[in-house]
Amino acid sequence: MNELRELYREASKNFMADRIKQFRRSKDLSQEAMAEQLRIDPRSYSDLERKVYSCSLLTFFFFTRQLSDEAILQLLKAIGAALERIDGHDVA
């Protein structure tokens with residue numbers, strides 16, 4: 001069970017870091033500007049992008065505030081698909 005939990009943790013860290021970085025680049029924002037949007041300090045944001053730490057739930061909430069309703073839905077579907085790849089069955 002711990003191994004599966006670690007797989008989920010690592011996958012979520014990588015997934016969110018990649019999505020947030022893609023979003024920042026698509027909006028042509030600096031890391032500092034994105035950190036401000038997420039209400040974290042720039043060093044923490046850099047660590048997030050480098051996958052040193054996972055995205056906190058609060059940071060996730062601030063990230064979703066930047067997205068349209070459709071983009072949030074797409075993000076949630078992509079999270080579900082990523083989880084399904086880990087455990088091999090529906091997680092809904």
# chains A, B, ... in the order shown; residues from 1 in each chain; ligands from 1
>>> closest_atom_pairs(of="segment 37-63 of chain A", to="segment 2-26 of chain A", cutoff="7 Å", atoms="only C-alpha atoms", output="JSON lines")
{"residue": "A:Leu48", "atom": "CA", "partner": "A:Ala17", "partner_atom": "CA", "distance": 5.9}
{"residue": "A:Glu49", "atom": "CA", "partner": "A:Ala17", "partner_atom": "CA", "distance": 5.1}
{"residue": "A:Lys51", "atom": "CA", "partner": "A:Ala17", "partner_atom": "CA", "distance": 6.3}
{"residue": "A:Tyr53", "atom": "CA", "partner": "A:Lys13", "partner_atom": "CA", "distance": 6.9}
{"residue": "A:Ser54", "atom": "CA", "partner": "A:Lys13", "partner_atom": "CA", "distance": 4.5}
{"residue": "A:Cys55", "atom": "CA", "partner": "A:Lys13", "partner_atom": "CA", "distance": 6.4}
>>> select_by_dssp(residues="chain A", states="helix (DSSP H, G or I)", output="short mmCIF file (atom, residue, chain, number, x, y, z; two decimals) with N, CA and C atoms, in the first residue's frame")
data_model
loop_
_atom_site.label_atom_id
_atom_site.label_comp_id
_atom_site.auth_asym_id
_atom_site.auth_seq_id
_atom_site.Cartn_x
_atom_site.Cartn_y
_atom_site.Cartn_z
N ASN A 2 1.95 1.25 0.76
CA ASN A 2 2.83 2.42 0.79
C ASN A 2 3.46 2.69 -0.56
N GLU A 3 3.77 1.61 -1.30
CA GLU A 3 4.36 1.79 -2.63
C GLU A 3 3.37 2.47 -3.57
N LEU A 4 2.12 2.06 -3.50
CA LEU A 4 1.09 2.67 -4.34
C LEU A 4 0.89 4.13 -3.96
N ARG A 5 0.87 4.39 -2.68
CA ARG A 5 0.73 5.78 -2.21
C ARG A 5 1.88 6.64 -2.72
N GLU A 6 3.08 6.10 -2.71
CA GLU A 6 4.24 6.84 -3.20
C GLU A 6 4.13 7.08 -4.71
N LEU A 7 3.60 6.11 -5.44
CA LEU A 7 3.38 6.31 -6.87
C LEU A 7 2.40 7.45 -7.12
N TYR A 8 1.32 7.48 -6.35
CA TYR A 8 0.35 8.57 -6.47
C TYR A 8 0.99 9.91 -6.15
N ARG A 9 1.76 9.94 -5.09
CA ARG A 9 2.42 11.19 -4.65
C ARG A 9 3.36 11.71 -5.73
N GLU A 10 4.19 10.82 -6.27
CA GLU A 10 5.16 11.23 -7.29
C GLU A 10 4.44 11.66 -8.57
N ALA A 11 3.42 10.91 -8.95
CA ALA A 11 2.67 11.25 -10.17
C ALA A 11 1.97 12.59 -10.02
N SER A 12 1.38 12.84 -8.87
CA SER A 12 0.68 14.12 -8.68
C SER A 12 1.66 15.28 -8.68
N LYS A 13 2.83 15.09 -8.06
CA LYS A 13 3.85 16.13 -8.05
C LYS A 13 4.29 16.48 -9.47
N ASN A 14 4.59 15.45 -10.25
CA ASN A 14 5.04 15.68 -11.62
C ASN A 14 3.93 16.27 -12.49
N PHE A 15 2.73 15.74 -12.35
CA PHE A 15 1.60 16.19 -13.15
C PHE A 15 1.33 17.68 -12.92
N MET A 16 1.19 18.07 -11.65
CA MET A 16 0.85 19.46 -11.36
C MET A 16 2.00 20.40 -11.70
N ALA A 17 3.22 20.00 -11.46
CA ALA A 17 4.36 20.85 -11.82
C ALA A 17 4.37 21.11 -13.32
N ASP A 18 4.13 20.06 -14.10
CA ASP A 18 4.12 20.21 -15.55
C ASP A 18 2.96 21.11 -16.00
N ARG A 19 1.78 20.90 -15.44
CA ARG A 19 0.61 21.70 -15.85
C ARG A 19 0.77 23.17 -15.49
N ILE A 20 1.26 23.43 -14.30
CA ILE A 20 1.43 24.82 -13.87
C ILE A 20 2.50 25.51 -14.72
N LYS A 21 3.58 24.81 -14.99
CA LYS A 21 4.65 25.38 -15.82
C LYS A 21 4.13 25.66 -17.24
N GLN A 22 3.38 24.71 -17.81
CA GLN A 22 2.81 24.91 -19.14
C GLN A 22 1.90 26.14 -19.16
N PHE A 23 1.08 26.26 -18.12
CA PHE A 23 0.17 27.40 -18.03
C PHE A 23 0.97 28.70 -17.97
N ARG A 24 1.98 28.74 -17.10
CA ARG A 24 2.80 29.95 -16.95
C ARG A 24 3.41 30.36 -18.27
N ARG A 25 3.97 29.40 -18.97
CA ARG A 25 4.60 29.70 -20.26
C ARG A 25 3.57 30.15 -21.29
N SER A 26 2.38 29.54 -21.28
CA SER A 26 1.36 29.92 -22.26
C SER A 26 0.87 31.35 -22.04
N GLN A 31 8.44 33.41 -13.56
CA GLN A 31 8.22 32.59 -12.37
C GLN A 31 7.76 33.45 -11.21
N GLU A 32 8.31 34.64 -11.10
CA GLU A 32 7.94 35.54 -10.01
C GLU A 32 6.46 35.95 -10.11
N ALA A 33 6.01 36.25 -11.33
CA ALA A 33 4.61 36.63 -11.52
C ALA A 33 3.68 35.46 -11.23
N MET A 34 4.08 34.27 -11.63
CA MET A 34 3.25 33.10 -11.36
C MET A 34 3.22 32.81 -9.87
N ALA A 35 4.34 32.96 -9.20
CA ALA A 35 4.39 32.77 -7.75
C ALA A 35 3.41 33.72 -7.07
N GLU A 36 3.37 34.95 -7.54
CA GLU A 36 2.45 35.93 -6.98
C GLU A 36 1.00 35.48 -7.19
N GLN A 37 0.68 34.97 -8.37
CA GLN A 37 -0.67 34.49 -8.65
C GLN A 37 -1.07 33.33 -7.73
N LEU A 38 -0.08 32.50 -7.39
CA LEU A 38 -0.34 31.33 -6.55
C LEU A 38 -0.19 31.61 -5.06
N PRO A 42 8.69 33.22 -4.61
CA PRO A 42 9.32 32.79 -5.86
C PRO A 42 10.21 31.56 -5.72
N ARG A 43 10.90 31.43 -4.60
CA ARG A 43 11.74 30.24 -4.41
C ARG A 43 10.89 28.98 -4.32
N SER A 44 9.77 29.06 -3.62
CA SER A 44 8.87 27.91 -3.54
C SER A 44 8.32 27.56 -4.92
N TYR A 45 8.04 28.60 -5.71
CA TYR A 45 7.54 28.34 -7.05
C TYR A 45 8.62 27.64 -7.89
N SER A 46 9.83 28.10 -7.80
CA SER A 46 10.93 27.47 -8.53
C SER A 46 11.05 26.00 -8.12
N ASP A 47 10.96 25.73 -6.83
CA ASP A 47 11.01 24.35 -6.35
C ASP A 47 9.87 23.53 -6.90
N LEU A 48 8.69 24.13 -7.01
CA LEU A 48 7.53 23.43 -7.57
C LEU A 48 7.80 23.04 -9.01
N GLU A 49 8.29 23.97 -9.81
CA GLU A 49 8.58 23.69 -11.22
C GLU A 49 9.68 22.64 -11.38
N LEU A 57 -2.56 21.83 -1.56
CA LEU A 57 -3.96 21.98 -1.93
C LEU A 57 -4.31 23.46 -2.08
N LEU A 58 -3.78 24.31 -1.22
CA LEU A 58 -4.04 25.74 -1.32
C LEU A 58 -3.47 26.31 -2.63
N THR A 59 -2.27 25.90 -2.99
CA THR A 59 -1.68 26.33 -4.26
C THR A 59 -2.52 25.84 -5.43
N PHE A 60 -3.01 24.60 -5.34
CA PHE A 60 -3.89 24.07 -6.37
C PHE A 60 -5.15 24.94 -6.50
N PHE A 61 -5.73 25.33 -5.39
CA PHE A 61 -6.91 26.19 -5.43
C PHE A 61 -6.60 27.52 -6.11
N PHE A 62 -5.48 28.14 -5.77
CA PHE A 62 -5.12 29.41 -6.41
C PHE A 62 -4.83 29.21 -7.89
N PHE A 63 -4.27 28.07 -8.26
CA PHE A 63 -4.04 27.77 -9.67
C PHE A 63 -5.37 27.69 -10.42
N THR A 64 -6.32 26.96 -9.86
CA THR A 64 -7.59 26.81 -10.57
C THR A 64 -8.34 28.14 -10.71
N ASP A 69 -13.72 27.65 -16.58
CA ASP A 69 -14.47 26.47 -16.14
C ASP A 69 -14.12 25.25 -17.00
N GLU A 70 -14.03 25.47 -18.30
CA GLU A 70 -13.69 24.37 -19.21
C GLU A 70 -12.29 23.84 -18.94
N ALA A 71 -11.35 24.72 -18.67
CA ALA A 71 -9.98 24.30 -18.39
C ALA A 71 -9.91 23.52 -17.07
N ILE A 72 -10.71 23.93 -16.09
CA ILE A 72 -10.75 23.19 -14.82
C ILE A 72 -11.29 21.79 -15.06
N LEU A 73 -12.35 21.68 -15.84
CA LEU A 73 -12.92 20.37 -16.16
C LEU A 73 -11.89 19.49 -16.88
N GLN A 74 -11.18 20.06 -17.84
CA GLN A 74 -10.15 19.31 -18.55
C GLN A 74 -9.04 18.86 -17.60
N LEU A 75 -8.66 19.74 -16.68
CA LEU A 75 -7.63 19.41 -15.70
C LEU A 75 -8.08 18.24 -14.82
N LEU A 76 -9.31 18.28 -14.34
CA LEU A 76 -9.81 17.21 -13.49
C LEU A 76 -9.89 15.89 -14.25
N LYS A 77 -10.30 15.94 -15.50
CA LYS A 77 -10.34 14.72 -16.31
C LYS A 77 -8.93 14.16 -16.51
N ALA A 78 -7.97 15.03 -16.75
CA ALA A 78 -6.58 14.59 -16.93
C ALA A 78 -6.02 13.99 -15.64
N ILE A 79 -6.39 14.56 -14.51
CA ILE A 79 -5.96 13.99 -13.22
C ILE A 79 -6.55 12.60 -13.06
N GLY A 80 -7.83 12.46 -13.38
CA GLY A 80 -8.47 11.14 -13.29
C GLY A 80 -7.80 10.12 -14.20
N ALA A 81 -7.47 10.52 -15.41
CA ALA A 81 -6.80 9.61 -16.35
C ALA A 81 -5.43 9.21 -15.83
N ALA A 82 -4.72 10.16 -15.24
CA ALA A 82 -3.39 9.85 -14.70
C ALA A 82 -3.50 8.85 -13.54
N LEU A 83 -4.50 9.01 -12.71
CA LEU A 83 -4.71 8.07 -11.61
C LEU A 83 -5.08 6.69 -12.13
N GLU A 84 -5.90 6.64 -13.15
CA GLU A 84 -6.28 5.36 -13.74
C GLU A 84 -5.07 4.61 -14.29
N ARG A 85 -4.14 5.35 -14.86
CA ARG A 85 -2.92 4.70 -15.38
C ARG A 85 -2.12 4.05 -14.25
N ILE A 86 -2.17 4.64 -13.08
CA ILE A 86 -1.42 4.09 -11.95
C ILE A 86 -2.06 2.83 -11.40
N ASP A 87 -3.36 2.88 -11.17
CA ASP A 87 -3.97 1.73 -10.51
C ASP A 87 -4.74 0.80 -11.45
#
